[in-house]
Amino acid sequence: MTAQTMFEKLWREHEVIPETADTPAVLYVDLHLTHEVTSPQAFSLLRERGLKVRRLDRTLATMDHSTPTDYQQIFGGLPIRLESARKQVEQLQSNADEFGVELLGLQSDRRGIVHIIGPELGATQPGKTIVCGDSHTSTHGAFGALAFGIGTTEVGHVLATQCLLQRKPRTFAISVDGRLGDGVTAKDLILAIIGRVGVSGGTGHVLEYRGEAIRGLSMDERMTVCNMSIEAGARAGMVAPDETTFEYLSGRPRVPAGAAWEQALDRWRELPSDPGARFDREVSLHADDIEPMITYGTNPGMVVPISGRLPETGDEVYLKALDYMGFEPGQAIAGKPVDVVFIGSCTNARISDLRAVAGVLKGRRVSPGVQLLIVPGSQQVKRQAESEGLHQIFAAAGGDWRESGCSMCLGMNGDTVGPGKYSVSTSNRNFEGRQGVGARTLLASPIAAAAAAVTGRVTDPRELLA
Amino acid sequence: MEPILNFKSRTVVMPSSNIDTDQIIPARFLTTTTRDGLGKSLFADWRYDASGQPVPGFVLNRPEARDCAILVAGRNIGCGSSREHAPWAMVDYGFRAVISTEIADIFRNNSLKNGLLPVVVDDATHAWLLANPGAEVSIDLETCTLTLPDGRSVEFPLESFARYCLMNGVDELGFLLSRLDQIENYERTHGK
């Protein structure tokens with residue numbers, strides 16, 4: 001048998017009907033995650049056609065995008081201030097009740113950003129196909145799952161049949177050798193990869209991140225990398241499961257126990273790409289060459305080292321982006337004053353991110369005039385952070401510590417940056433208006449964001465590390 | 001869905017590359033629970049100023065853009081979020097096709113499911129279309145061709161099953177539901 005990539009193994013295992021020239025494959029979905037924004041019209045479709053949710057045991061819902069991060073609006077009896085958001089949250093609750101879908105609802109202690117809670121619960125596992133009406137579903141690929149975002153029509157297909165019609169994508173290996181230096185994070189790595197591959201370089205492909213530097217990453221870090229695969233145009237990004245993966249999953253609520261756990265490990269150990277497996281495309285990077293990175297433009301591929309300068313020249317798109325951002329060609333990015341710092345999102349709101357932020361903020365104060373918002377990725381991350389006293393470090397520094405949710409990553413829940421303001425954000429998209437109308441977003445790592453909060457300027461975080 | 005066989009329209013040109021779905025429809029409009037009425041929010045932040053008035057220079061606000069059903073966009077349109085609200089907004093506005101040299105995966109899939117035709121053309125054809133806004137072009141699904149005003153035709157790729165569904169006005173869910181026996185058999189044999 002010819003050597004197979006991990007993607008090919010997963011694809012073959014989940015083909016209910018293989019693709020032909022005339023029809024796409026019918027692909028089985030092991031886990032369907034859903035949230036309030038991309039599901040209402042899919043539930044309406046089921047209702048119109050008199051269909052049920054076919055596999056309730058493979059469907060899990062939560063609410064994260066339009067939920068407020070303010071305690072009073074969740075637990076304090078105040079209504080959700082944005083009326084349309086409140087209605088959307090209520091709609092998911094009533095859809096879940098009507099169809100019998102398990103929902104980690106607004107006040108659930110397991111609620112959180114959908115891509116944070118799947119792994120946290122152990123629902124995300126190696127070898128699974130995982131979909132969600134959300135492009136950052138690529139996050140779950142960190143476990144050696146085939147995980148990708150779908151649209152609402154497809155959400156309806158999965159609810160009704162547990163399957164999707166899909167053409168087989170191509171494969172793309174991204175190999176990273178060496179080790180990341182001190183103060184250089186998984187976020188810097190993926191930003192460097194997007195800078196290299198381009199924002200559409202991965203279109204039509206499933207990425208596999210491999211090599212020594214990837215093997216050396218924790219699960220939280222691998223999730224940060226896979227999360228932004230879509231920012232390179234790839235619907236999915238994967239990392240082969242290994243002992244780091246198994247150690248993370250061991251004992252989580254939804255993983256198999258006892259003999260079933262041992263059997264699962266045996267299966268999962270078969271998943272990595274075979275030696276000699278061929279990829280349709282390959283790119284190599286050296287981790288040692290990567291520095292702390294930051295975006296300067298209006299897509300995640302417009303990225304430079306924090307110590308660097310913006311390109312001297314560029315095309316119309318470049319000049320338009322700089323006009324929006326209020327930057328000049330060739331200028332240094334370090335030292336640029338910032339107004340808002342956002343720590344959060346499915347990219348960087350896990351416990352290790354918050355610990356890293358606390359490490360920078362401890363004994364320091366947020367620069368006057370800078371708003372620092374810290375939003376944990378889930379209620380469980382929130383509890384863990386508080387049990388470690390991180391919230392006290394954040395409060396002492398002058399940060400605003402919130403309930404979990406997507407928050408300021410995208411302006412649809414009441415948390416926005418403000419027109420014309422500069423935000424250093426640990427999220428994944430710096431598109432025009434992404435963080436609110438007119439907001440100017442600079443994407444960076446949690447420690448770079450924390451450093452900017454302390455100095456009030458774009459800062460190489462290594463300057464603040466002891 | 002109405003079957004689509006062929007249609008003809010003048011084009012609207014938005015030459016920017018990497019037009020993401022946050023531009024096509026900003027997130028604050030996603031709190032809707034229906035798919036109707038999103039056309040008025042299409043490109044909202046480029047189309048309207050802070051007070052909600054149309055921005056005079058923006059291409060969709062110009063009189064010649066009226067009744068144009070084909071959008072010619074720069075490379076890699078539709079990148080970013082998986083929101084199907086993007087093609088919903090385009091269709092509600094009146095667009096029937098989007099032409100570019102590259103179209104992002106999820107946006108392309110979502111478009112096909114809503115009768116919005118993603119048309120990928122070569123660089124030379126794209127350059128001509130960008131340079132000739134308002135050109136009347138025709139699109140034919142039978143032959144998968146785009147025909148320019150001077151009669152030149154170029155073929156464009158279209159996934160065969162999506163094309164079948166568009167031409168016959170059928171949706172994919174019906175196809176999947178007709179395969180339930182095989183899905184159940186798969187579940188039995190694969191321990192699902």
# chains A, B, ... in the order shown; residues from 1 in each chain; ligands from 1
>>> residues_around(residues="Ile183 (chain B)", least_positions_apart="5", cutoff="9 Å", atoms="only C-alpha atoms", output="JSON list (two decimals) with C-alpha atoms, in the first residue's frame")
[["chain", "number", "residue", "atom", "x", "y", "z"],
["A", 16, "VAL", "CA", -19.64, 7.01, 3.15],
["A", 17, "ILE", "CA", -19.63, 7.17, -0.65],
["A", 26, "VAL", "CA", -20.52, 11.83, 0.98],
["A", 28, "TYR", "CA", -19.34, 11.39, 7.52],
["A", 161, "THR", "CA", -27.96, 13.58, 7.70],
["A", 162, "GLN", "CA", -24.68, 13.74, 9.72],
["A", 163, "CYS", "CA", -22.98, 14.01, 6.32],
["B", 176, "LEU", "CA", -28.06, 13.40, 0.84],
["B", 188, "ARG", "CA", -23.20, 0.11, 11.30]]
>>> residues_around(residues="Ile294 (chain A)", least_positions_apart="2", cutoff="7 Å", atoms="only C-alpha atoms", output="number ranges by chain")
A: 296, 303-306, 442-444
>>> write_last_selection(atoms="N, CA and C atoms", output="PDB file, in the first residue's frame")
ATOM      1  N   TYR A 296       0.347  44.917  10.276  1.00  0.00           N
ATOM      2  CA  TYR A 296       0.261  46.372  10.105  1.00  0.00           C
ATOM      3  C   TYR A 296      -0.874  46.764   9.167  1.00  0.00           C
ATOM      4  N   VAL A 303       2.190  41.427   7.493  1.00  0.00           N
ATOM      5  CA  VAL A 303       2.786  41.194   8.805  1.00  0.00           C
ATOM      6  C   VAL A 303       4.290  41.426   8.733  1.00  0.00           C
ATOM      7  N   VAL A 304       4.855  41.981   9.805  1.00  0.00           N
ATOM      8  CA  VAL A 304       6.312  42.218   9.880  1.00  0.00           C
ATOM      9  C   VAL A 304       6.794  41.842  11.289  1.00  0.00           C
ATOM     10  N   PRO A 305       8.100  41.603  11.440  1.00  0.00           N
ATOM     11  CA  PRO A 305       8.637  41.494  12.795  1.00  0.00           C
ATOM     12  C   PRO A 305       8.405  42.812  13.538  1.00  0.00           C
ATOM     13  N   ILE A 306       8.146  42.744  14.838  1.00  0.00           N
ATOM     14  CA  ILE A 306       7.897  43.973  15.608  1.00  0.00           C
ATOM     15  C   ILE A 306       9.101  44.914  15.516  1.00  0.00           C
ATOM     16  N   LEU A 442      -4.105  45.518  15.086  1.00  0.00           N
ATOM     17  CA  LEU A 442      -2.772  44.953  14.900  1.00  0.00           C
ATOM     18  C   LEU A 442      -2.748  43.617  15.627  1.00  0.00           C
ATOM     19  N   LEU A 443      -2.598  42.536  14.885  1.00  0.00           N
ATOM     20  CA  LEU A 443      -2.605  41.196  15.486  1.00  0.00           C
ATOM     21  C   LEU A 443      -1.228  40.852  16.020  1.00  0.00           C
ATOM     22  N   ALA A 444      -1.208  40.296  17.227  1.00  0.00           N
ATOM     23  CA  ALA A 444       0.076  39.931  17.827  1.00  0.00           C
ATOM     24  C   ALA A 444      -0.156  38.843  18.873  1.00  0.00           C
TER      25      ALA A 444
END
>>> select_by_dssp(residues="region 23-130 of chain B", states="helix (DSSP H, G or I)", output="NGL selection string")
:B and (23-24 or 27-29 or 38-41 or 44-47 or 59-61 or 63-65 or 85-93 or 105-112 or 123-130)
>>> closest_residue(among="B:Gly39, B:Pro118, B:Gly191, B:Gly151", to="chain A", atoms="only C-alpha atoms")
B:Gly191
>>> residues_around(residues="Arg108 (chain B)", least_positions_apart="4", cutoff="9 Å", atoms="only C-alpha atoms", output="list in words")
Gly78, Pro87, Ile103, Ala104, Leu112, Lys113, Leu116, Leu117 and Pro118 of chain B
>>> closest_residue(among="B:Ser51, B:Asn6, B:Ser81, B:Thr125", to="chain A", atoms="only C-alpha atoms")
B:Ser81
>>> closest_atom_pairs(of="chain B", to="chain A", cutoff="9 Å", atoms="only C-alpha atoms", output="Markdown table")
| residue | atom | partner | partner_atom | distance |
| --- | --- | --- | --- | --- |
| B:Ser16 | CA | A:Val317 | CA | 6.3 |
| B:Ser17 | CA | A:Val317 | CA | 6.8 |
| B:Asn18 | CA | A:Asn299 | CA | 7.9 |
| B:Asp20 | CA | A:Phe431 | CA | 7.4 |
| B:Asp22 | CA | A:Arg434 | CA | 6.4 |
| B:Gln23 | CA | A:Glu432 | CA | 7.1 |
| B:Pro26 | CA | A:Arg434 | CA | 7.3 |
| B:Ala27 | CA | A:Met412 | CA | 5.6 |
| B:Arg28 | CA | A:Met412 | CA | 4.3 |
| B:Phe29 | CA | A:Met412 | CA | 7.6 |
| B:Leu30 | CA | A:Val37 | CA | 6.5 |
| B:Thr31 | CA | A:Ala85 | CA | 5.4 |
| B:Thr32 | CA | A:Ser84 | CA | 6.7 |
| B:Thr33 | CA | A:Pro40 | CA | 5.3 |
| B:Thr34 | CA | A:Gln41 | CA | 5.7 |
| B:Arg35 | CA | A:Gln41 | CA | 6.7 |
| B:Asp45 | CA | A:Val437 | CA | 7.2 |
| B:Ala50 | CA | A:Val437 | CA | 8.7 |
| B:Asn76 | CA | A:Ser200 | CA | 6.5 |
| B:Cys79 | CA | A:Gly233 | CA | 6.8 |
| B:Gly80 | CA | A:Glu231 | CA | 6.6 |
| B:Ser81 | CA | A:Ser135 | CA | 5.4 |
| B:Ser82 | CA | A:Ser135 | CA | 5.0 |
| B:Arg83 | CA | A:Gly151 | CA | 6.2 |
| B:Glu84 | CA | A:Gly151 | CA | 5.3 |
| B:His85 | CA | A:Thr152 | CA | 8.6 |
| B:Glu102 | CA | A:Ser200 | CA | 8.2 |
| B:Ile103 | CA | A:Thr203 | CA | 8.5 |
| B:Ala104 | CA | A:Thr203 | CA | 6.5 |
| B:Asp105 | CA | A:Thr203 | CA | 6.3 |
| B:Ile106 | CA | A:Ile150 | CA | 6.5 |
| B:Phe107 | CA | A:Gly151 | CA | 8.1 |
| B:Asn109 | CA | A:Gly151 | CA | 7.8 |
| B:Asn110 | CA | A:Gly151 | CA | 5.8 |
| B:Lys113 | CA | A:Thr153 | CA | 7.1 |
| B:Asn114 | CA | A:Thr153 | CA | 8.7 |
| B:Glu159 | CA | A:Asp22 | CA | 8.4 |
| B:Ser160 | CA | A:Asp22 | CA | 5.6 |
| B:Phe161 | CA | A:Thr23 | CA | 5.2 |
| B:Ala162 | CA | A:Thr23 | CA | 8.6 |
| B:Tyr164 | CA | A:Asp22 | CA | 8.8 |
| B:Glu172 | CA | A:Leu165 | CA | 7.8 |
| B:Leu173 | CA | A:His157 | CA | 5.9 |
| B:Leu176 | CA | A:Thr161 | CA | 6.9 |
| B:Leu177 | CA | A:Thr161 | CA | 6.7 |
| B:Arg179 | CA | A:Val26 | CA | 8.8 |
| B:Leu180 | CA | A:Thr161 | CA | 7.2 |
| B:Gln182 | CA | A:Val16 | CA | 6.9 |
| B:Ile183 | CA | A:Val16 | CA | 6.2 |
| B:Asn185 | CA | A:Val16 | CA | 8.6 |
| B:Tyr186 | CA | A:Val16 | CA | 5.9 |
| B:Glu187 | CA | A:Val16 | CA | 8.7 |
| B:His190 | CA | A:Glu13 | CA | 8.6 |
| B:Lys192 | CA | A:Asp30 | CA | 8.0 |
>>> select_by_dssp(residues="region 197-341 of chain A", states="strand (DSSP E or B)", output="PDB file with C-alpha atoms, in the first residue's frame")
ATOM      1  CA  HIS A 205      -5.699  22.572   0.507  1.00  0.00           C
ATOM      2  CA  VAL A 206      -5.578  20.935   3.918  1.00  0.00           C
ATOM      3  CA  LEU A 207      -2.422  21.981   5.742  1.00  0.00           C
ATOM      4  CA  GLU A 208      -0.311  19.621   7.790  1.00  0.00           C
ATOM      5  CA  TYR A 209       2.083  21.372  10.180  1.00  0.00           C
ATOM      6  CA  ARG A 210       5.088  19.192  10.906  1.00  0.00           C
ATOM      7  CA  ALA A 236      -8.251  22.875   7.665  1.00  0.00           C
ATOM      8  CA  GLY A 237      -4.839  22.539   9.288  1.00  0.00           C
ATOM      9  CA  MET A 238      -3.625  19.472  11.133  1.00  0.00           C
ATOM     10  CA  VAL A 239      -0.898  18.339  13.505  1.00  0.00           C
ATOM     11  CA  ARG A 281       2.661  21.215  -1.956  1.00  0.00           C
ATOM     12  CA  GLU A 282       5.412  21.717   0.607  1.00  0.00           C
ATOM     13  CA  VAL A 283       6.927  24.744   2.296  1.00  0.00           C
ATOM     14  CA  SER A 284       9.702  24.800   4.923  1.00  0.00           C
ATOM     15  CA  LEU A 285      10.513  27.394   7.559  1.00  0.00           C
ATOM     16  CA  HIS A 286      13.176  27.657  10.251  1.00  0.00           C
ATOM     17  CA  MET A 293       5.503  39.432  14.706  1.00  0.00           C
ATOM     18  CA  ILE A 294       2.731  41.972  14.305  1.00  0.00           C
ATOM     19  CA  THR A 295       0.340  42.846  11.492  1.00  0.00           C
ATOM     20  CA  VAL A 303       2.786  41.194   8.805  1.00  0.00           C
ATOM     21  CA  VAL A 304       6.312  42.218   9.880  1.00  0.00           C
ATOM     22  CA  PRO A 305       8.637  41.494  12.795  1.00  0.00           C
ATOM     23  CA  ARG A 309       9.579  48.339   9.189  1.00  0.00           C
ATOM     24  CA  ALA A 332       8.920  51.421  11.989  1.00  0.00           C
ATOM     25  CA  PRO A 337       0.876  54.369  20.245  1.00  0.00           C
ATOM     26  CA  VAL A 340      -6.926  49.324  23.179  1.00  0.00           C
ATOM     27  CA  VAL A 341      -5.401  45.941  23.977  1.00  0.00           C
TER      28      VAL A 341
END
>>> residues_around(residues="Leu129 (chain B)", least_positions_apart="2", cutoff="12 Å", atoms="only C-alpha atoms", output="ChimeraX atom specification")
/B:10-15,70-74,98-101,121-127,131-137,146-149
>>> write_last_selection(atoms="C-alpha atoms", output="PDB file, in the first residue's frame")
ATOM      1  CA  ARG B  10     -23.580  44.517 -17.125  1.00  0.00           C
ATOM      2  CA  THR B  11     -20.789  44.266 -14.577  1.00  0.00           C
ATOM      3  CA  VAL B  12     -19.895  46.190 -11.460  1.00  0.00           C
ATOM      4  CA  VAL B  13     -16.161  46.274 -10.762  1.00  0.00           C
ATOM      5  CA  MET B  14     -14.503  46.254  -7.323  1.00  0.00           C
ATOM      6  CA  PRO B  15     -10.799  45.800  -8.114  1.00  0.00           C
ATOM      7  CA  ILE B  70     -22.470  40.508 -11.989  1.00  0.00           C
ATOM      8  CA  LEU B  71     -19.705  41.601  -9.639  1.00  0.00           C
ATOM      9  CA  VAL B  72     -16.134  41.558 -10.912  1.00  0.00           C
ATOM     10  CA  ALA B  73     -13.823  41.535  -7.895  1.00  0.00           C
ATOM     11  CA  GLY B  74     -10.083  41.513  -7.303  1.00  0.00           C
ATOM     12  CA  VAL B  98     -19.093  36.903  -8.832  1.00  0.00           C
ATOM     13  CA  ILE B  99     -16.075  36.875 -11.140  1.00  0.00           C
ATOM     14  CA  SER B 100     -12.465  36.814  -9.962  1.00  0.00           C
ATOM     15  CA  THR B 101      -9.190  34.987 -10.522  1.00  0.00           C
ATOM     16  CA  VAL B 121     -11.293  33.370 -14.938  1.00  0.00           C
ATOM     17  CA  ASP B 122      -7.715  33.690 -16.196  1.00  0.00           C
ATOM     18  CA  ASP B 123      -5.609  36.791 -15.524  1.00  0.00           C
ATOM     19  CA  ALA B 124      -6.035  38.247 -19.018  1.00  0.00           C
ATOM     20  CA  THR B 125      -9.835  37.983 -18.991  1.00  0.00           C
ATOM     21  CA  HIS B 126      -9.879  39.366 -15.460  1.00  0.00           C
ATOM     22  CA  ALA B 127      -7.700  42.304 -16.464  1.00  0.00           C
ATOM     23  CA  ALA B 131     -10.582  47.703 -17.224  1.00  0.00           C
ATOM     24  CA  ASN B 132     -14.096  47.698 -18.684  1.00  0.00           C
ATOM     25  CA  PRO B 133     -16.620  48.236 -15.900  1.00  0.00           C
ATOM     26  CA  GLY B 134     -20.208  48.068 -17.057  1.00  0.00           C
ATOM     27  CA  ALA B 135     -19.416  45.687 -19.907  1.00  0.00           C
ATOM     28  CA  GLU B 136     -22.336  43.471 -20.772  1.00  0.00           C
ATOM     29  CA  VAL B 137     -21.272  39.848 -20.454  1.00  0.00           C
ATOM     30  CA  LEU B 146     -18.387  33.567 -20.043  1.00  0.00           C
ATOM     31  CA  THR B 147     -18.865  35.601 -23.216  1.00  0.00           C
ATOM     32  CA  LEU B 148     -17.475  39.119 -23.500  1.00  0.00           C
ATOM     33  CA  PRO B 149     -19.160  41.885 -25.562  1.00  0.00           C
TER      34      PRO B 149
END
>>> residues_around(residues="Arg355 (chain A)", least_positions_apart="4", cutoff="9 Å", atoms="only C-alpha atoms", output="list in words")
Arg350, Ile351, Gly359, Val360, Ala385, Glu388 and Leu390 of chain A
>>> residues_around(residues="Leu166 (chain B)", least_positions_apart="5", cutoff="7 Å", atoms="only C-alpha atoms", output="NGL selection string")
:B and (3-4 or 115)
>>> write_last_selection(atoms="C-alpha atoms", output="short mmCIF file (atom, residue, chain, number, x, y, z; two decimals), in the first residue's frame")
data_model
loop_
_atom_site.label_atom_id
_atom_site.label_comp_id
_atom_site.auth_asym_id
_atom_site.auth_seq_id
_atom_site.Cartn_x
_atom_site.Cartn_y
_atom_site.Cartn_z
CA PRO B 3 -32.97 26.67 -12.26
CA ILE B 4 -30.16 28.76 -13.74
CA GLY B 115 -27.66 30.41 -6.74
#
>>> residues_around(residues="Thr455 (chain A)", least_positions_apart="3", cutoff="10 Å", atoms="only C-alpha atoms", output="list in words")
Gly335, Pro337, Val338, Arg364, Arg365, Val366, Ser367, Pro368, Val370, Ala450, Ala451, Ala452, Val458, Thr459 and Leu464 of chain A
>>> atom_distance(atom1="CA of Glu291 (chain A)", atom2="CA of Cys226 (chain A)")
19.0 Å
>>> closest_residue(among="A:Val101, A:Ile290, A:Ser407, A:Leu51", to="Gly174 (chain B)", atoms="only C-alpha atoms")
A:Leu51
>>> closest_residue(among="B:Asn61, B:Thr21, B:Thr143, B:Ser138", to="Lys40 (chain B)", atoms="only C-alpha atoms")
B:Asn61
